[in-house]
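Here is structure10.pdb, consisting of PDB, C-alpha atoms:
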```
MODEL        1
ATOM      1  CA  MET B  72       0.000   0.000   0.000
ATOM      2  CA  ASP B  73       1.444   3.364  -0.980
ATOM      3  CA  ASP B  74       1.706   6.321   1.404
ATOM      4  CA  ARG B  75      -1.364   8.144   0.042
ATOM      5  CA  ALA B  76      -3.568   5.077   0.330
ATOM      6  CA  PHE B  77      -2.308   4.466   3.864
ATOM      7  CA  ALA B  78      -3.034   8.091   4.816
ATOM      8  CA  THR B  79      -6.568   7.689   3.449
ATOM      9  CA  LEU B  80      -7.016   4.478   5.411
ATOM     10  CA  ALA B  81      -5.823   6.116   8.641
ATOM     11  CA  ALA B  82      -8.169   9.081   8.111
ATOM     12  CA  LEU B  83     -11.072   6.747   7.321
ATOM     13  CA  GLN B  84     -10.413   4.783  10.499
ATOM     14  CA  ARG B  85     -10.747   8.000  12.527
ATOM     15  CA  ARG B  86     -13.938   8.950  10.684
ATOM     16  CA  ILE B  87     -15.478   5.534  11.264
ATOM     17  CA  GLN B  88     -14.899   6.069  14.991
ATOM     18  CA  THR B  89     -16.980   9.262  14.828
ATOM     19  CA  LEU B  90     -19.964   7.231  13.646
ATOM     20  CA  LYS B  91     -20.037   5.710  17.127
ATOM     21  CA  LEU B  92     -20.443   9.193  18.611
ATOM     22  CA  LEU B  93     -22.852  10.798  16.146
ATOM     23  CA  PRO B  94     -26.492  10.390  17.186
ATOM     24  CA  ARG B  95     -29.319   9.648  14.797
ATOM     25  CA  THR B  96     -30.771  13.131  14.476
ATOM     26  CA  GLY B  97     -34.383  12.149  13.834
ATOM     27  CA  TRP B  98     -34.699  10.792  17.360
ATOM     28  CA  LEU B  99     -33.207  13.953  18.859
ATOM     29  CA  GLN B 100     -35.679  16.084  16.898
ATOM     30  CA  ARG B 101     -38.481  14.209  18.644
ATOM     31  CA  GLY B 102     -37.112  15.025  22.087
ATOM     32  CA  LEU B 103     -35.514  11.674  22.869
ATOM     33  CA  GLN B 104     -32.305  11.524  24.872
ATOM     34  CA  ASN B 105     -29.474   8.999  24.839
ATOM     35  CA  VAL B 106     -30.384   7.886  21.331
ATOM     36  CA  GLU B 107     -28.662   5.345  19.139
ATOM     37  CA  SER B 108     -25.607   6.369  17.153
ATOM     38  CA  ILE B 109     -25.211   6.063  13.405
ATOM     39  CA  ALA B 110     -22.885   3.113  14.051
ATOM     40  CA  ASP B 111     -25.547   1.448  16.217
ATOM     41  CA  HIS B 112     -28.008   1.712  13.355
ATOM     42  CA  SER B 113     -25.503   0.522  10.743
ATOM     43  CA  PHE B 114     -24.685  -2.515  12.874
ATOM     44  CA  GLY B 115     -28.388  -3.319  13.140
ATOM     45  CA  VAL B 116     -28.792  -3.142   9.365
ATOM     46  CA  ALA B 117     -25.686  -5.314   8.819
ATOM     47  CA  ALA B 118     -26.864  -7.918  11.352
ATOM     48  CA  LEU B 119     -30.270  -8.072   9.653
ATOM     49  CA  ALA B 120     -28.546  -8.348   6.255
ATOM     50  CA  LEU B 121     -26.598 -11.338   7.550
ATOM     51  CA  VAL B 122     -29.579 -13.344   8.792
ATOM     52  CA  VAL B 123     -32.306 -12.175   6.399
ATOM     53  CA  GLY B 124     -29.913 -12.406   3.459
ATOM     54  CA  ASP B 125     -29.504 -16.114   4.166
ATOM     55  CA  LEU B 126     -33.200 -16.547   3.340
ATOM     56  CA  TYR B 127     -32.613 -15.237  -0.186
ATOM     57  CA  PRO B 128     -29.806 -17.459  -1.524
ATOM     58  CA  GLU B 129     -30.081 -15.909  -4.987
ATOM     59  CA  LEU B 130     -28.637 -12.675  -3.555
ATOM     60  CA  ASP B 131     -24.917 -12.034  -3.131
ATOM     61  CA  ARG B 132     -24.305 -12.269   0.636
ATOM     62  CA  GLY B 133     -20.926 -10.511   0.494
ATOM     63  CA  LYS B 134     -22.444  -7.634  -1.449
ATOM     64  CA  LEU B 135     -25.307  -7.391   1.043
ATOM     65  CA  LEU B 136     -22.946  -7.133   4.005
ATOM     66  CA  ALA B 137     -20.599  -4.673   2.295
ATOM     67  CA  MET B 138     -23.519  -2.505   1.194
ATOM     68  CA  ALA B 139     -24.986  -2.532   4.709
ATOM     69  CA  LEU B 140     -21.646  -1.329   6.067
ATOM     70  CA  VAL B 141     -21.173   1.486   3.524
ATOM     71  CA  HIS B 142     -24.785   2.669   3.238
ATOM     72  CA  ASP B 143     -24.389   5.396   5.896
ATOM     73  CA  LEU B 144     -20.616   5.865   5.734
ATOM     74  CA  ALA B 145     -20.953   9.381   4.264
ATOM     75  CA  GLU B 146     -22.574  10.428   7.533
ATOM     76  CA  ALA B 147     -19.112  10.355   9.105
ATOM     77  CA  LEU B 148     -18.605  13.708   7.344
ATOM     78  CA  ILE B 149     -22.083  15.164   6.954
ATOM     79  CA  GLY B 150     -23.861  13.703   9.963
ATOM     80  CA  ASP B 151     -27.268  12.076   9.980
ATOM     81  CA  LEU B 152     -29.585  14.167   7.837
ATOM     82  CA  PRO B 153     -33.137  13.525   9.014
ATOM     83  CA  ALA B 154     -36.084  13.192   6.640
ATOM     84  CA  SER B 155     -36.928  16.872   7.142
ATOM     85  CA  ALA B 156     -33.512  17.872   5.765
ATOM     86  CA  SER B 157     -33.958  15.650   2.729
ATOM     87  CA  ARG B 158     -37.372  17.164   2.131
ATOM     88  CA  LEU B 159     -36.044  20.731   2.361
ATOM     89  CA  PHE B 160     -32.776  20.252   0.464
ATOM     90  CA  GLY B 161     -34.168  17.788  -2.033
ATOM     91  CA  LYS B 162     -33.001  14.263  -2.694
ATOM     92  CA  GLY B 163     -30.583  15.422  -5.402
ATOM     93  CA  ALA B 164     -28.711  17.779  -3.102
ATOM     94  CA  LYS B 165     -28.525  15.144  -0.356
ATOM     95  CA  HIS B 166     -27.229  12.556  -2.816
ATOM     96  CA  ASP B 167     -24.620  14.979  -4.202
ATOM     97  CA  ALA B 168     -23.382  15.868  -0.707
ATOM     98  CA  GLU B 169     -23.184  12.211   0.305
ATOM     99  CA  ARG B 170     -21.334  11.330  -2.908
ATOM    100  CA  LYS B 171     -18.769  14.071  -2.267
ATOM    101  CA  ALA B 172     -18.353  12.796   1.279
ATOM    102  CA  MET B 173     -17.831   9.238   0.010
ATOM    103  CA  LEU B 174     -15.218  10.426  -2.479
ATOM    104  CA  GLU B 175     -13.372  12.269   0.274
ATOM    105  CA  LEU B 176     -13.590   9.375   2.721
ATOM    106  CA  LEU B 177     -12.484   6.717   0.240
ATOM    107  CA  GLY B 178      -9.889   8.871  -1.532
ATOM    108  CA  ASP B 179      -6.892   6.789  -2.561
ATOM    109  CA  LEU B 180      -7.985   3.425  -1.164
ATOM    110  CA  PRO B 181      -7.278   0.640  -3.663
ATOM    111  CA  GLN B 182     -10.948  -0.455  -3.582
ATOM    112  CA  ALA B 183     -12.433   3.070  -3.502
ATOM    113  CA  ASP B 184     -14.275   2.621  -6.809
ATOM    114  CA  SER B 185     -15.782  -0.657  -5.632
ATOM    115  CA  TYR B 186     -17.026   0.865  -2.360
ATOM    116  CA  LEU B 187     -18.377   3.925  -4.147
ATOM    117  CA  GLY B 188     -20.122   1.629  -6.620
ATOM    118  CA  LEU B 189     -21.797  -0.252  -3.765
ATOM    119  CA  TRP B 190     -22.926   3.010  -2.216
ATOM    120  CA  GLU B 191     -24.308   4.255  -5.567
ATOM    121  CA  GLU B 192     -26.067   0.937  -6.127
ATOM    122  CA  TYR B 193     -27.678   1.271  -2.704
ATOM    123  CA  SER B 194     -28.517   4.920  -3.231
ATOM    124  CA  GLN B 195     -30.280   4.191  -6.531
ATOM    125  CA  ALA B 196     -31.909   0.929  -5.313
ATOM    126  CA  ALA B 197     -30.464  -0.473  -8.525
ATOM    127  CA  THR B 198     -30.299  -4.170  -7.617
ATOM    128  CA  PRO B 199     -32.191  -6.671  -5.478
ATOM    129  CA  GLU B 200     -29.345  -6.469  -2.925
ATOM    130  CA  ALA B 201     -29.714  -2.679  -2.747
ATOM    131  CA  ARG B 202     -33.482  -2.908  -2.375
ATOM    132  CA  LEU B 203     -33.133  -5.463   0.406
ATOM    133  CA  ILE B 204     -30.696  -3.204   2.286
ATOM    134  CA  LYS B 205     -33.086  -0.264   1.839
ATOM    135  CA  ALA B 206     -35.927  -2.379   3.222
ATOM    136  CA  LEU B 207     -33.774  -3.553   6.141
ATOM    137  CA  ASP B 208     -32.712   0.054   6.801
ATOM    138  CA  ARG B 209     -36.368   0.954   7.227
ATOM    139  CA  LEU B 210     -37.122  -2.207   9.216
ATOM    140  CA  GLU B 211     -34.275  -1.471  11.628
ATOM    141  CA  MET B 212     -35.592   2.080  12.108
ATOM    142  CA  LEU B 213     -39.071   0.761  12.918
ATOM    143  CA  ALA B 214     -37.628  -1.718  15.408
ATOM    144  CA  GLN B 215     -35.766   1.146  17.089
ATOM    145  CA  ALA B 216     -38.892   3.318  17.162
ATOM    146  CA  LEU B 217     -40.775   0.468  18.827
ATOM    147  CA  ALA B 218     -37.968   0.016  21.364
ATOM    148  CA  TYR B 219     -38.198   3.708  22.266
ATOM    149  CA  GLU B 220     -41.984   3.473  22.539
ATOM    150  CA  ARG B 221     -41.714   0.450  24.825
ATOM    151  CA  ALA B 222     -39.436   2.580  27.013
ATOM    152  CA  GLY B 223     -42.121   5.273  27.223
ATOM    153  CA  ALA B 224     -41.372   7.571  24.276
ATOM    154  CA  ARG B 225     -44.352   9.139  22.549
ATOM    155  CA  GLY B 226     -44.752  11.291  19.460
ATOM    156  CA  LEU B 227     -43.157   8.821  17.039
ATOM    157  CA  ASP B 228     -46.293   8.147  14.991
ATOM    158  CA  GLU B 229     -44.835   9.647  11.819
ATOM    159  CA  PHE B 230     -42.319   6.790  11.680
ATOM    160  CA  TRP B 231     -45.267   4.401  11.306
ATOM    161  CA  GLU B 232     -47.139   6.283   8.574
ATOM    162  CA  GLU B 233     -45.716   4.447   5.543
ATOM    163  CA  ARG B 234     -46.996   0.949   6.079
ATOM    164  CA  ASN B 235     -47.273   0.001   2.421
ATOM    165  CA  GLY B 236     -45.078   0.483  -0.609
ATOM    166  CA  TRP B 237     -41.876  -1.020   0.757
ATOM    167  CA  GLY B 238     -40.660  -4.506   1.588
ATOM    168  CA  GLU B 239     -43.122  -6.305  -0.700
ATOM    169  CA  GLU B 240     -40.267  -7.657  -2.838
ATOM    170  CA  PHE B 241     -39.020  -9.562   0.217
ATOM    171  CA  PRO B 242     -41.856 -11.413   2.006
ATOM    172  CA  VAL B 243     -39.784 -12.098   5.126
ATOM    173  CA  VAL B 244     -39.077  -8.374   5.534
ATOM    174  CA  ARG B 245     -42.760  -7.610   4.980
ATOM    175  CA  ALA B 246     -43.733 -10.185   7.633
ATOM    176  CA  LEU B 247     -41.214  -8.756  10.115
ATOM    177  CA  ALA B 248     -42.519  -5.245   9.427
ATOM    178  CA  ASP B 249     -46.119  -6.379   9.914
ATOM    179  CA  THR B 250     -45.104  -7.821  13.299
ATOM    180  CA  LEU B 251     -43.581  -4.486  14.314
ATOM    181  CA  PHE B 252     -46.678  -2.593  13.144
ATOM    182  CA  ALA B 253     -48.910  -4.937  15.140
ATOM    183  CA  GLU B 254     -46.789  -4.458  18.281
ATOM    184  CA  HIS B 255     -46.845  -0.674  17.784
ATOM    185  CA  GLU B 256     -50.646  -0.685  17.411
ATOM    186  CA  ALA B 257     -51.084  -2.883  20.500
ATOM    187  CA  LEU B 258     -48.822  -0.582  22.503
ATOM    188  CA  ASP B 259     -50.754   2.455  21.262
ATOM    189  CA  SER B 260     -54.061   0.842  22.254
ATOM    190  CA  ALA B 261     -52.759  -0.087  25.700
ATOM    191  CA  THR B 262     -51.432   3.452  26.220
ATOM    192  CA  GLU B 263     -54.785   4.944  25.201
ATOM    193  CA  ARG B 264     -56.651   2.633  27.618
ATOM    194  CA  VAL B 265     -54.357   3.612  30.483
ATOM    195  CA  GLY B 266     -54.669   7.315  29.639
ATOM    196  CA  ALA B 267     -58.474   7.241  29.163
ATOM    197  CA  PRO B 268     -60.561   8.979  31.873
TER     198      PRO B 268
ENDMDL
END
```

Translate this structure into structure tokens?
Amino acid sequence: MDDRAFATLAALQRRIQTLKLLPRTGWLQRGLQNVESIADHSFGVAALALVVGDLYPELDRGKLLAMALVHDLAEALIGDLPASASRLFGKGAKHDAERKAMLELLGDLPQADSYLGLWEEYSQAATPEARLIKALDRLEMLAQALAYERAGARGLDEFWEERNGWGEEFPVVRALADTLFAEHEALDSATERVGAP
């Protein structure tokens, strides 16, 4: 490995460490404290990719895991942009900023083009592997929302608004999502009964 590639690797290692410290902004915007980090979320997506990916042997398992690990890597430089930021900036501006961040992070690494290609594939939902990671990204977020609700958090209903239109390509993901929705609805009903006069 040449000196420039090594310098890029050392800088990337430091940036990856920051992902452990950067909170997922959407939770903070809803008033939650001590929220998961970007790295926590990325680990959850990668772990789901490992076990759910096994149920779809036609998919490339190595690609799934690599894509899960790089899907939020740009956030080491730009932070976690919540849905409200994407809505206000536009998806194109968010994508462009993330792409620039990926280029800076990957720099002179020998496999930079490969990693950037995986990120682009994910970003564009261009392959079944990318669509599965996108579905697992959403599934992991719902599981986290439910965990916060079980711990007493309220005001997270907007995370549950898009029940349809995702995950249908992967029946196992859809079934897992339906389970989370059912648990959320049961918890909501129980909370309403307790709070009723």

Test item: residues at most 10 Å from Arg209 (chain B), all atoms listed in the file, excluding those fewer than 2 positions along its chain, as a ChimeraX atom specification: /B:116,203-207,211-215,230,237-238,244,248

I need the residues from that last selection saved to file as a compact mmCIF listing (two decimals), keeping the file's coordinate frame (with C-alpha atoms), if you can.
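So the final result, stored in result_3.txt, reads:
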```txt
# COMPACT_ATOMS: atom_id res chain seq x y z
CA VAL B 116 -28.79 -3.14 9.36
CA LEU B 203 -33.13 -5.46 0.41
CA ILE B 204 -30.70 -3.20 2.29
CA LYS B 205 -33.09 -0.26 1.84
CA ALA B 206 -35.93 -2.38 3.22
CA LEU B 207 -33.77 -3.55 6.14
CA GLU B 211 -34.28 -1.47 11.63
CA MET B 212 -35.59 2.08 12.11
CA LEU B 213 -39.07 0.76 12.92
CA ALA B 214 -37.63 -1.72 15.41
CA GLN B 215 -35.77 1.15 17.09
CA PHE B 230 -42.32 6.79 11.68
CA TRP B 237 -41.88 -1.02 0.76
CA GLY B 238 -40.66 -4.51 1.59
CA VAL B 244 -39.08 -8.37 5.53
CA ALA B 248 -42.52 -5.24 9.43
```

The PyMOL selection byres ((chain B and resi 185-188) around 12) resolved against shown file, as number ranges by chain: B: 134, 136-145, 169-184, 189-198, 201

Residue with smallest distance to Ser157 (chain B) - pool B:Gly97, B:Thr79, B:Leu258, B:Ala222, counting only C-alpha atoms: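 Ranked by minimum distance to Ser157 (chain B), first place goes to B:Gly97.
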
Nearby residues (only C-alpha atoms) at most 12 Å from region 216-220 of chain B, same-chain spacing under 5 positions excluded, as a VMD selection string: chain B and resid 95 97 to 99 101 to 107 112 209 to 211 225 to 231 248 250 to 259 261 to 262

Straight-line distance linking CA of Ile109 (chain B) with CA of Leu159 (chain B), stated in Å to one decimal: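 It comes out at 21.3 Å.
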
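CA of Gly163 (chain B) lies 27.9 Å from CA of Leu119 (chain B).
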
Residue with smallest distance to Ser155 (chain B) - pool B:Thr96, B:Arg132, B:Arg85, B:Asp249, counting only C-alpha atoms: B:Thr96

Atomic distance CA of Asn235 (chain B) - CA of Val123 (chain B), expressed in Å with one decimal: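 Atom-to-atom, CA of Asn235 (chain B) to CA of Val123 (chain B), that is 19.7 Å.
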
Could you work out an axis-aligned bounding box for all listed atoms of region 163-167 of chain B, with 5 Å added on each of the six sides, and give its centre and edge lengths in Å to one decimal, as AutoDock Vina command-line options?
```
--center_x -27.6 --center_y 15.2 --center_z -2.9 --size_x 16.0 --size_y 15.2 --size_z 15.0
```

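Nearest residue to Pro94 (chain B), choosing from B:Gly223, B:Gly133, B:Pro242, B:Gly150 and counting all atoms listed in the file: B:Gly150.
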